[in-house]
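my_file.cif (mmCIF, C-alpha atoms) appears below.
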```
data_upload
#
loop_
_atom_site.label_atom_id
_atom_site.label_comp_id
_atom_site.auth_asym_id
_atom_site.auth_seq_id
_atom_site.Cartn_x
_atom_site.Cartn_y
_atom_site.Cartn_z
CA MET A 235 82.83 -29.45 -47.22
CA VAL A 236 80.20 -29.34 -44.52
CA SER A 237 79.36 -32.63 -42.91
CA GLN A 238 75.90 -33.06 -41.54
CA LYS A 239 75.99 -34.82 -38.20
CA VAL A 240 74.09 -38.06 -37.75
CA GLN A 241 71.82 -38.79 -34.81
CA ARG A 242 73.31 -41.29 -32.40
CA ASN A 243 71.21 -44.28 -31.59
CA PHE A 244 72.98 -46.56 -29.14
CA TRP A 245 71.97 -47.73 -25.70
CA PRO A 246 71.75 -46.56 -23.05
CA LYS A 247 69.88 -43.36 -23.74
CA VAL A 248 70.65 -40.42 -21.47
CA LEU A 249 67.90 -38.01 -20.39
CA GLY A 250 67.82 -34.92 -18.23
CA ALA A 251 65.41 -35.24 -15.32
CA GLY A 252 65.28 -31.70 -13.96
CA PRO A 253 66.80 -30.30 -10.77
CA GLY A 254 64.86 -32.49 -8.33
CA SER A 255 61.09 -32.19 -8.50
CA SER A 256 59.02 -34.21 -11.01
CA LYS A 257 57.33 -30.89 -11.94
CA TYR A 258 60.27 -30.43 -14.31
CA PHE A 259 60.10 -33.86 -15.96
CA THR A 260 59.56 -33.53 -19.72
CA THR A 261 57.03 -35.42 -21.82
CA ILE A 262 59.83 -37.30 -23.56
CA LEU A 263 61.24 -38.37 -20.20
CA LEU A 264 57.83 -39.66 -19.08
CA SER A 265 57.27 -41.64 -22.29
CA SER A 266 60.82 -43.06 -22.09
CA LEU A 267 60.18 -44.20 -18.53
CA LYS A 268 57.11 -46.14 -19.71
CA ASP A 269 59.22 -47.91 -22.36
CA ALA A 270 62.19 -48.61 -20.08
CA GLU A 271 63.39 -51.98 -18.85
CA THR A 272 66.03 -50.43 -16.58
CA VAL A 273 66.23 -46.89 -15.18
CA VAL A 274 69.41 -45.61 -13.59
CA ALA A 275 69.22 -42.37 -11.57
CA SER A 276 70.17 -40.61 -8.34
CA SER A 277 68.20 -41.56 -5.23
CA ARG A 278 66.35 -38.21 -5.30
CA ILE A 279 65.16 -38.69 -8.88
CA LEU A 280 64.22 -42.34 -8.19
CA GLN A 281 62.07 -41.17 -5.27
CA GLU A 282 60.23 -38.76 -7.57
CA ILE A 283 59.70 -41.52 -10.16
CA LYS A 284 58.18 -43.79 -7.51
CA LYS A 285 55.98 -40.97 -6.15
CA ILE A 286 54.27 -40.53 -9.52
CA SER A 287 54.41 -44.26 -10.47
CA ALA A 288 56.11 -43.31 -13.72
CA THR A 289 57.50 -46.74 -14.67
CA ASP A 290 57.47 -50.52 -14.14
CA ALA A 291 61.16 -50.73 -14.98
CA GLU A 292 63.87 -51.96 -12.65
CA LEU A 293 65.24 -48.93 -10.77
CA ILE A 294 68.96 -48.75 -10.06
CA GLU A 295 70.58 -46.08 -7.91
CA LEU A 296 73.67 -44.37 -9.31
CA PRO A 297 76.66 -44.97 -7.04
CA LYS A 298 78.51 -41.92 -5.75
CA GLY A 299 82.18 -40.98 -5.95
CA GLY A 300 84.83 -43.11 -7.68
CA GLU A 301 82.50 -46.11 -8.13
CA LEU A 302 80.40 -44.08 -10.57
CA TYR A 303 82.77 -44.45 -13.53
CA GLU A 304 83.13 -48.21 -13.11
CA PHE A 305 79.37 -48.57 -12.83
CA LEU A 306 78.68 -46.50 -15.97
CA ASN A 307 80.93 -48.88 -17.96
CA THR A 308 78.85 -51.87 -16.87
CA ILE A 309 75.69 -50.45 -18.46
CA LYS A 310 77.22 -49.50 -21.82
CA SER A 311 75.13 -50.91 -24.71
CA LYS A 312 72.42 -52.32 -22.39
CA GLU A 313 69.17 -52.18 -24.35
CA ARG A 314 66.09 -50.30 -23.11
CA THR A 315 68.22 -48.78 -20.37
CA TYR A 316 67.74 -45.10 -19.56
CA VAL A 317 70.26 -43.14 -17.57
CA LEU A 318 68.74 -40.07 -15.95
CA SER A 319 70.99 -37.12 -15.30
CA THR A 320 69.83 -34.73 -12.56
CA GLY A 321 69.37 -31.35 -14.25
CA ASP A 322 70.62 -31.33 -17.85
CA PRO A 323 73.05 -34.03 -19.09
CA MET A 324 75.24 -31.36 -20.74
CA VAL A 325 75.42 -29.00 -17.73
CA SER A 326 78.03 -30.76 -15.58
CA GLY A 327 75.95 -33.91 -16.08
CA LEU A 328 76.33 -37.50 -17.26
CA GLY A 329 76.20 -36.75 -21.02
CA LYS A 330 79.98 -36.64 -21.36
CA PHE A 331 80.30 -40.32 -20.40
CA PHE A 332 78.15 -41.50 -23.32
CA PRO A 333 79.61 -40.21 -26.60
CA GLU A 334 77.63 -42.75 -28.68
CA SER A 335 74.26 -42.32 -26.99
CA GLU A 336 71.24 -40.27 -27.84
CA ILE A 337 70.89 -37.51 -25.26
CA GLU A 338 67.83 -35.47 -24.33
CA PRO A 339 67.96 -32.22 -22.34
CA GLY A 340 66.39 -31.55 -18.94
CA ILE A 341 65.80 -28.45 -16.83
CA SER A 342 69.05 -27.55 -15.04
CA SER A 343 69.36 -25.96 -11.60
CA ILE A 344 70.83 -22.91 -13.35
CA GLN A 345 67.59 -22.38 -15.25
CA LYS A 346 65.40 -22.74 -12.18
CA CYS A 347 67.69 -20.32 -10.33
CA ALA A 348 67.56 -17.79 -13.23
CA SER A 349 63.74 -17.95 -13.16
CA LEU A 350 63.67 -17.39 -9.40
CA ILE A 351 66.04 -14.41 -9.46
CA HIS A 352 64.78 -12.99 -12.79
CA LYS A 353 68.22 -12.82 -14.38
CA PRO A 354 69.12 -13.66 -17.98
CA ILE A 355 71.08 -16.77 -18.99
CA ASN A 356 71.99 -15.20 -22.32
CA ASP A 357 74.95 -12.83 -22.11
CA SER A 358 76.25 -14.98 -19.28
CA ALA A 359 78.91 -17.61 -18.76
CA ILE A 360 78.25 -20.89 -17.00
CA ILE A 361 81.29 -22.20 -15.17
CA SER A 362 81.90 -24.96 -12.69
CA SER A 363 84.65 -25.03 -10.10
CA ARG A 364 84.04 -28.63 -9.14
CA TYR A 365 86.91 -30.14 -11.14
CA LYS A 366 88.74 -27.02 -12.32
CA ASN A 367 89.78 -23.85 -10.52
CA ASN A 368 87.71 -21.46 -12.61
CA TYR A 369 87.50 -18.63 -10.04
CA GLY A 370 90.19 -16.65 -11.86
CA LYS A 371 87.94 -16.35 -14.93
CA ILE A 372 85.16 -14.47 -13.13
CA SER A 373 86.77 -11.02 -13.23
CA HIS A 374 87.58 -11.40 -16.96
CA LEU A 375 83.99 -12.36 -17.72
CA ILE A 376 82.58 -9.44 -15.72
CA ALA A 377 84.98 -7.11 -17.56
CA LEU A 378 83.61 -8.45 -20.86
CA GLY A 379 80.11 -7.42 -19.74
CA LEU A 380 78.92 -10.95 -19.02
CA ASN A 381 77.29 -12.23 -15.87
CA VAL A 382 78.42 -15.53 -14.39
CA TYR A 383 76.53 -18.58 -13.16
CA LEU A 384 78.92 -20.58 -10.97
CA LEU A 385 78.39 -24.21 -9.96
CA PRO A 386 80.80 -24.39 -7.01
CA GLU A 387 82.38 -27.29 -5.16
CA PRO A 388 79.54 -29.19 -3.41
CA GLU A 389 81.40 -29.60 -0.12
CA LEU A 390 82.03 -25.87 0.42
CA THR A 391 79.63 -23.65 2.38
CA VAL A 392 78.35 -20.37 0.95
CA SER A 393 80.88 -18.35 2.96
CA GLU A 394 83.76 -20.54 1.77
CA VAL A 395 82.77 -20.14 -1.88
CA VAL A 396 82.21 -16.38 -1.54
CA LYS A 397 85.65 -15.97 0.06
CA LYS A 398 87.19 -17.70 -2.97
CA ILE A 399 85.26 -15.38 -5.30
CA ALA A 400 86.28 -12.29 -3.31
CA SER A 401 89.98 -13.20 -3.31
CA ASN A 402 89.93 -13.56 -7.13
CA VAL A 403 87.76 -10.65 -8.21
CA GLY A 404 88.64 -6.99 -7.94
CA TYR A 405 85.19 -5.68 -8.83
CA LYS A 406 82.36 -4.77 -6.51
CA LEU A 407 79.89 -7.60 -6.97
CA ARG A 408 76.31 -8.45 -6.26
CA LEU A 409 75.57 -12.14 -5.68
CA HIS A 410 72.37 -14.15 -5.89
CA ILE A 411 72.62 -17.58 -4.34
CA CYS A 412 70.09 -20.36 -5.02
CA ILE A 413 70.21 -23.51 -2.91
CA ASP A 414 68.30 -26.79 -3.39
CA VAL A 415 66.14 -25.36 -6.20
CA SER A 416 62.78 -27.10 -6.75
CA LEU A 417 63.05 -29.02 -3.46
CA ASP A 418 61.10 -28.31 -0.27
CA THR A 419 64.27 -26.81 1.18
CA GLU A 420 64.70 -24.29 -1.71
CA ARG A 421 66.12 -20.92 -0.62
CA VAL A 422 67.43 -17.84 -2.40
CA TYR A 423 69.70 -15.11 -1.05
CA VAL A 424 70.89 -11.82 -2.50
CA GLY A 425 73.61 -9.48 -1.27
CA SER A 426 77.14 -8.18 -1.60
CA VAL A 427 80.30 -10.22 -1.07
CA GLU A 428 80.53 -8.83 2.49
CA ASP A 429 76.95 -9.96 3.22
CA PHE A 430 77.86 -13.60 2.67
CA MET A 431 81.17 -13.75 4.54
CA ASN A 432 79.61 -15.56 7.50
CA LEU A 433 76.80 -17.58 5.90
CA ASP A 434 77.56 -21.21 6.69
CA ASP A 435 74.59 -22.53 4.72
CA ASN A 436 75.16 -25.38 2.27
CA GLY A 437 73.23 -27.54 -0.21
CA LEU A 438 73.06 -27.80 -4.03
CA LYS A 439 74.28 -24.31 -4.91
CA VAL A 440 74.06 -22.03 -7.94
CA ILE A 441 75.79 -18.65 -7.55
CA PHE A 442 74.94 -15.78 -9.89
CA VAL A 443 77.59 -13.06 -10.05
CA GLU A 444 77.00 -9.60 -11.53
CA PRO A 445 78.66 -6.21 -11.07
CA SER A 446 77.26 -4.25 -8.12
CA PRO A 447 74.52 -1.83 -9.31
CA SER A 448 75.88 1.06 -7.22
CA MET B 146 72.82 -8.46 6.05
CA VAL B 147 71.60 -11.13 3.65
CA SER B 148 68.09 -10.74 2.41
CA GLN B 149 66.21 -13.82 1.41
CA LYS B 150 64.28 -13.21 -1.80
CA VAL B 151 60.55 -13.74 -1.88
CA GLN B 152 58.71 -15.73 -4.54
CA ARG B 153 56.77 -13.53 -6.94
CA ASN B 154 53.13 -14.33 -7.34
CA PHE B 155 51.48 -11.96 -9.79
CA TRP B 156 49.68 -12.66 -13.04
CA PRO B 157 50.41 -13.47 -15.74
CA LYS B 158 52.69 -16.41 -15.07
CA VAL B 159 55.46 -17.00 -17.58
CA LEU B 160 56.50 -20.54 -18.54
CA GLY B 161 59.09 -21.97 -20.88
CA ALA B 162 57.57 -24.24 -23.53
CA GLY B 163 60.66 -25.84 -25.10
CA PRO B 164 62.19 -25.20 -28.51
CA GLY B 165 59.18 -26.27 -30.60
CA SER B 166 58.02 -29.86 -30.06
CA SER B 167 55.62 -30.78 -27.25
CA LYS B 168 58.09 -33.59 -26.36
CA TYR B 169 59.89 -30.93 -24.32
CA PHE B 170 56.85 -29.61 -22.45
CA THR B 171 57.31 -30.00 -18.69
CA THR B 172 54.79 -31.44 -16.24
CA ILE B 173 54.34 -28.00 -14.65
CA LEU B 174 53.56 -26.51 -18.06
CA LEU B 175 50.94 -29.20 -18.78
CA SER B 176 49.24 -28.72 -15.41
CA SER B 177 49.29 -24.93 -15.85
CA LEU B 178 47.63 -25.29 -19.26
CA LYS B 179 44.80 -27.28 -17.64
CA ASP B 180 44.25 -24.47 -15.11
CA ALA B 181 44.53 -21.62 -17.63
CA GLU B 182 41.79 -19.25 -18.74
CA THR B 183 44.01 -17.60 -21.36
CA VAL B 184 47.20 -18.91 -22.98
CA VAL B 185 49.46 -16.60 -24.96
CA ALA B 186 52.16 -18.17 -27.15
CA SER B 187 53.83 -18.21 -30.58
CA SER B 188 51.89 -19.83 -33.42
CA ARG B 189 54.24 -22.84 -33.38
CA ILE B 190 53.69 -23.52 -29.69
CA LEU B 191 49.91 -22.98 -30.03
CA GLN B 192 49.86 -25.62 -32.80
CA GLU B 193 51.58 -28.10 -30.49
CA ILE B 194 49.10 -27.33 -27.70
CA LYS B 195 46.17 -28.01 -30.03
CA LYS B 196 47.77 -31.20 -31.35
CA ILE B 197 47.86 -32.74 -27.87
CA SER B 198 44.58 -31.08 -26.69
CA ALA B 199 46.44 -29.68 -23.72
CA THR B 200 43.90 -27.00 -22.66
CA ASP B 201 40.37 -25.59 -22.93
CA ALA B 202 41.70 -22.04 -22.46
CA GLU B 203 41.40 -19.23 -24.94
CA LEU B 204 44.51 -19.30 -27.14
CA ILE B 205 46.06 -15.98 -28.21
CA GLU B 206 48.93 -15.71 -30.67
CA LEU B 207 51.84 -13.46 -29.70
CA PRO B 208 52.22 -10.62 -32.19
CA LYS B 209 55.62 -10.20 -33.86
CA GLY B 210 57.93 -7.19 -34.08
CA GLY B 211 57.14 -3.84 -32.48
CA GLU B 212 53.55 -4.73 -31.59
CA LEU B 213 54.84 -7.32 -29.12
CA TYR B 214 55.71 -4.80 -26.39
CA GLU B 215 52.36 -3.02 -26.58
CA PHE B 216 50.54 -6.35 -26.47
CA LEU B 217 52.48 -7.59 -23.43
CA ASN B 218 51.37 -4.48 -21.52
CA THR B 219 47.70 -5.27 -22.20
CA ILE B 220 47.94 -8.63 -20.43
CA LYS B 221 49.72 -7.37 -17.29
CA SER B 222 47.92 -8.57 -14.12
CA LYS B 223 45.33 -10.61 -16.05
CA GLU B 224 44.38 -13.53 -13.81
CA ARG B 225 44.80 -17.18 -14.87
CA THR B 226 46.75 -16.00 -17.90
CA TYR B 227 49.85 -17.95 -18.89
CA VAL B 228 52.44 -16.53 -21.24
CA LEU B 229 54.50 -19.25 -22.90
CA SER B 230 58.01 -18.39 -23.97
CA THR B 231 59.48 -20.57 -26.72
CA GLY B 232 62.57 -22.20 -25.22
CA ASP B 233 63.43 -20.85 -21.77
CA PRO B 234 62.02 -17.48 -20.59
CA MET B 235 65.47 -16.40 -19.35
CA VAL B 236 67.41 -17.36 -22.52
CA SER B 237 66.60 -14.42 -24.79
CA GLY B 238 62.96 -15.06 -23.87
CA LEU B 239 59.93 -13.21 -22.50
CA GLY B 240 60.92 -13.40 -18.83
CA LYS B 241 62.53 -9.94 -18.84
CA PHE B 242 59.18 -8.25 -19.59
CA PHE B 243 57.55 -9.59 -16.41
CA PRO B 244 59.62 -8.55 -13.38
CA GLU B 245 56.76 -9.23 -10.95
CA SER B 246 55.66 -12.58 -12.34
CA GLU B 247 56.44 -16.12 -11.33
CA ILE B 248 58.60 -17.69 -14.03
CA GLU B 249 59.19 -21.36 -14.77
CA PRO B 250 62.01 -22.65 -16.98
CA GLY B 251 61.70 -24.58 -20.25
CA ILE B 252 64.10 -26.48 -22.50
CA SER B 253 66.00 -23.96 -24.64
CA SER B 254 67.24 -24.53 -28.20
CA ILE B 255 70.77 -24.27 -26.81
CA GLN B 256 70.20 -27.32 -24.63
CA LYS B 257 68.72 -29.39 -27.44
CA CYS B 258 71.64 -28.36 -29.65
CA ALA B 259 74.18 -29.30 -26.93
CA SER B 260 72.57 -32.74 -26.61
CA LEU B 261 72.68 -33.28 -30.38
CA ILE B 262 76.34 -32.27 -30.75
CA HIS B 263 77.46 -33.77 -27.40
CA LYS B 264 79.11 -30.59 -26.17
CA PRO B 265 79.04 -29.20 -22.61
CA ILE B 266 77.06 -26.11 -21.62
CA ASN B 267 79.18 -25.69 -18.50
CA ASP B 268 82.49 -23.91 -19.16
CA SER B 269 80.72 -22.05 -21.95
CA ALA B 270 79.31 -18.60 -22.56
CA ILE B 271 75.86 -18.03 -24.03
CA ILE B 272 75.67 -14.84 -26.07
CA SER B 273 73.12 -13.35 -28.41
CA SER B 274 73.89 -10.96 -31.26
CA ARG B 275 70.24 -10.18 -31.90
CA TYR B 276 70.19 -6.83 -30.10
CA LYS B 277 73.88 -6.31 -29.30
CA ASN B 278 77.00 -6.73 -31.42
CA ASN B 279 78.59 -9.43 -29.30
CA TYR B 280 80.85 -10.90 -31.99
CA GLY B 281 83.89 -9.08 -30.58
CA LYS B 282 83.58 -11.09 -27.33
CA ILE B 283 84.05 -14.49 -28.96
CA SER B 284 87.85 -14.37 -29.24
CA HIS B 285 88.19 -13.24 -25.60
CA LEU B 286 85.99 -16.09 -24.44
CA ILE B 287 87.92 -18.69 -26.47
CA ALA B 288 91.18 -17.26 -25.04
CA LEU B 289 89.72 -17.77 -21.53
CA GLY B 290 89.20 -21.47 -22.36
CA LEU B 291 85.44 -21.22 -22.72
CA ASN B 292 83.32 -22.42 -25.62
CA VAL B 293 80.59 -20.16 -26.99
CA TYR B 294 76.95 -20.77 -27.82
CA LEU B 295 75.82 -17.93 -30.10
CA LEU B 296 72.19 -17.04 -30.83
CA PRO B 297 72.67 -14.95 -33.98
CA GLU B 298 70.44 -12.47 -35.80
CA PRO B 299 67.45 -14.45 -37.13
CA GLU B 300 67.47 -12.79 -40.55
CA LEU B 301 71.08 -13.72 -41.38
CA THR B 302 71.99 -16.94 -43.22
CA VAL B 303 74.63 -19.31 -41.90
CA SER B 304 77.28 -17.91 -44.28
CA GLU B 305 76.51 -14.32 -43.25
CA VAL B 306 76.85 -15.17 -39.54
CA VAL B 307 80.02 -17.20 -40.07
CA LYS B 308 81.60 -14.31 -42.01
CA LYS B 309 80.90 -12.02 -39.04
CA ILE B 310 82.50 -14.55 -36.69
CA ALA B 311 85.52 -14.96 -38.97
CA SER B 312 86.14 -11.22 -39.28
CA ASN B 313 86.16 -10.88 -35.46
CA VAL B 314 88.08 -13.94 -34.33
CA GLY B 315 91.77 -14.58 -34.89
CA TYR B 316 91.72 -18.21 -33.82
CA LYS B 317 91.21 -21.31 -35.91
CA LEU B 318 87.71 -22.42 -35.01
CA ARG B 319 85.47 -25.42 -35.31
CA LEU B 320 81.74 -24.68 -35.58
CA HIS B 321 78.68 -26.80 -34.93
CA ILE B 322 75.47 -25.32 -36.27
CA CYS B 323 72.01 -26.50 -35.15
CA ILE B 324 68.96 -25.27 -37.06
CA ASP B 325 65.26 -25.71 -36.18
CA VAL B 326 66.01 -28.06 -33.29
CA SER B 327 63.18 -30.42 -32.28
CA LEU B 328 61.20 -29.62 -35.46
CA ASP B 329 60.77 -31.92 -38.48
CA THR B 330 63.25 -29.69 -40.31
CA GLU B 331 66.00 -30.10 -37.67
CA ARG B 332 69.52 -30.19 -39.11
CA VAL B 333 73.04 -30.10 -37.66
CA TYR B 334 76.29 -29.21 -39.41
CA VAL B 335 79.91 -29.31 -38.30
CA GLY B 336 82.99 -27.83 -39.95
CA SER B 337 85.59 -25.10 -40.04
CA VAL B 338 84.89 -21.42 -40.75
CA GLU B 339 85.89 -22.00 -44.40
CA ASP B 340 83.41 -24.85 -44.73
CA PHE B 341 80.47 -22.54 -44.02
CA MET B 342 81.44 -19.57 -46.17
CA ASN B 343 78.88 -20.48 -48.84
CA LEU B 344 76.11 -22.15 -46.85
CA ASP B 345 73.00 -20.07 -47.46
CA ASP B 346 70.82 -22.14 -45.15
CA ASN B 347 68.67 -20.34 -42.58
CA GLY B 348 66.20 -21.09 -39.76
CA LEU B 349 66.27 -20.91 -35.96
CA LYS B 350 70.01 -21.10 -35.41
CA VAL B 351 72.32 -22.00 -32.55
CA ILE B 352 76.03 -21.79 -33.32
CA PHE B 353 78.56 -23.54 -31.11
CA VAL B 354 82.11 -22.19 -31.38
CA GLU B 355 85.20 -24.00 -30.05
CA PRO B 356 88.92 -23.84 -30.88
CA SER B 357 89.87 -26.08 -33.80
CA PRO B 358 91.15 -29.46 -32.49
CA SER B 359 94.14 -29.50 -34.89
#
```
If you took the structure in this file and wrote it as structure tokens, what would it be?
Amino acid sequence: MVSQKVQRNFWPKVLGAGPGSSKYFTTILLSSLKDAETVVASSRILQEIKKISATDAELIELPKGGELYEFLNTIKSKERTYVLSTGDPMVSGLGKFFPESEIEPGISSIQKCASLIHKPINDSAIISSRYKNNYGKISHLIALGLNVYLLPEPELTVSEVVKKIASNVGYKLRLHICIDVSLDTERVYVGSVEDFMNLDDNGLKVIFVEPSPS
Amino acid sequence: MVSQKVQRNFWPKVLGAGPGSSKYFTTILLSSLKDAETVVASSRILQEIKKISATDAELIELPKGGELYEFLNTIKSKERTYVLSTGDPMVSGLGKFFPESEIEPGISSIQKCASLIHKPINDSAIISSRYKNNYGKISHLIALGLNVYLLPEPELTVSEVVKKIASNVGYKLRLHICIDVSLDTERVYVGSVEDFMNLDDNGLKVIFVEPSPS
């Protein structure tokens, strides 16, 4: 027996809002904002919403750290409330906290990075090392012929992340590193593991790992 | 030495247009359409553009099959020409044909599927079996603790794809299957490998593979 899944339809609704700039807002996000009574989002996304006067709704900033979980419980089942997830709700986003809600995708930082570096997202793995030590998987994925998009720990600098990659992977690698995609401070680097050993840059990072071409 | 990559800036520009419905058009896509002299896209996306009167540009339908590659060469370096890629240009899309062009992401069918089935895209691999036999990788990825989003051969029915998965994977699996996401014909199924052995449904498919919960 094959069960056909039913659309969820409970409040709040959860929408992806893109990596930072309102250029990546979707039409469904904009029409939802017009309908909203309450909009919950990060301070960066709220700034973008105000800049383009996208809504008359009450705007509430998402708390950071441990307070987040408690706060998300307080808005469960609140009508006409929209929770915006920076990037895509299902790419290390807020979707997982709302199993009963309707969710709509948004452009993730991984996609903007892939567009900037001209690398495919298909035939790739997307892993995060924020809550799990996933560094050990990278060499297995490369051996399988996949590339890897890594969302690393936010507090680590580029050199700290690259040292963790290097100590786990035996292959010669080429890395592309996207930071703060879609923001005014956006920057993209490319090089070998050795090239990044002393780069103390930090920001919202996406690291693309592929075997070295040589 | 770390080289900072430079933004590409050659025509045509390539933009993701979402999985089918204009609800997933981005603001940057809509403003590009206003600026365009020529817009190249699939017939489905062109229909959506006409429905919302998004542009005064000349609209050209992308040819299918072998003619596609020849056609794409004829529009290289044509000014104010925008090539729209259904979904995201870097997820089995048109981005790879334009190494010199600026590319902008779009919502892929994988993302819409993930939102519908409430499954994460992080800690997952995205593989396509359209041009490569990637079925053999699925069991390795599951063993690594990753889930798999598979974009299968378009001509195969659900039962034909599931039989290929079953013959390659030793694990007990749970499958979620999204077809025609964001279109009026959108449907989502969930079940075990056995459940799908006789489902002759077809359409634009995304198959999510995870270990069976039992």
query = Once you count only C-alpha atoms, which residues of chain A turn out to be within 6 Å of chain B? Could you give them as a PyMOL selection string?
reply = chain A and resi 235-239+257-262+324-326+337-339+345-346+349+354-361+422-425+429
ask   = From the list A:Arg314, A:Lys406, A:Lys398, A:Arg364, which residue is nearest Pro246 in chain A when using only C-alpha atoms?
value =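 Among A:Arg314, A:Lys406, A:Lys398, A:Arg364, it is A:Arg314 that comes nearest to Pro246 in chain A.
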request  = Apply the PyMOL selection byres ((chain B and resi 189-195) around 9) to the structure shown and report the selected residues as a PyMOL selection string.
outcome  = chain B and resi 162-167+178+184-188+196-200+204-206+229-231
Report the centre and edge lengths, in Å to one decimal, of an axis-aligned box enclosing every atom of range 173-179 of chain B listed in the file, padded by 8 Å on each side, as lines of an AutoDock Vina configuration file.
```
center_x = 49.6
center_y = -27.1
center_z = -17.0
size_x = 25.5
size_y = 20.3
size_z = 20.6
```
ask   = Which value, in Å to one decimal, gives the distance between CA of Asp346 in chain B and CA of Ser304 in chain B?
value =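 It comes out at 7.8 Å.
Separating CA of Ile376 in chain A from CA of Glu300 in chain B is a distance of 29.3 Å.
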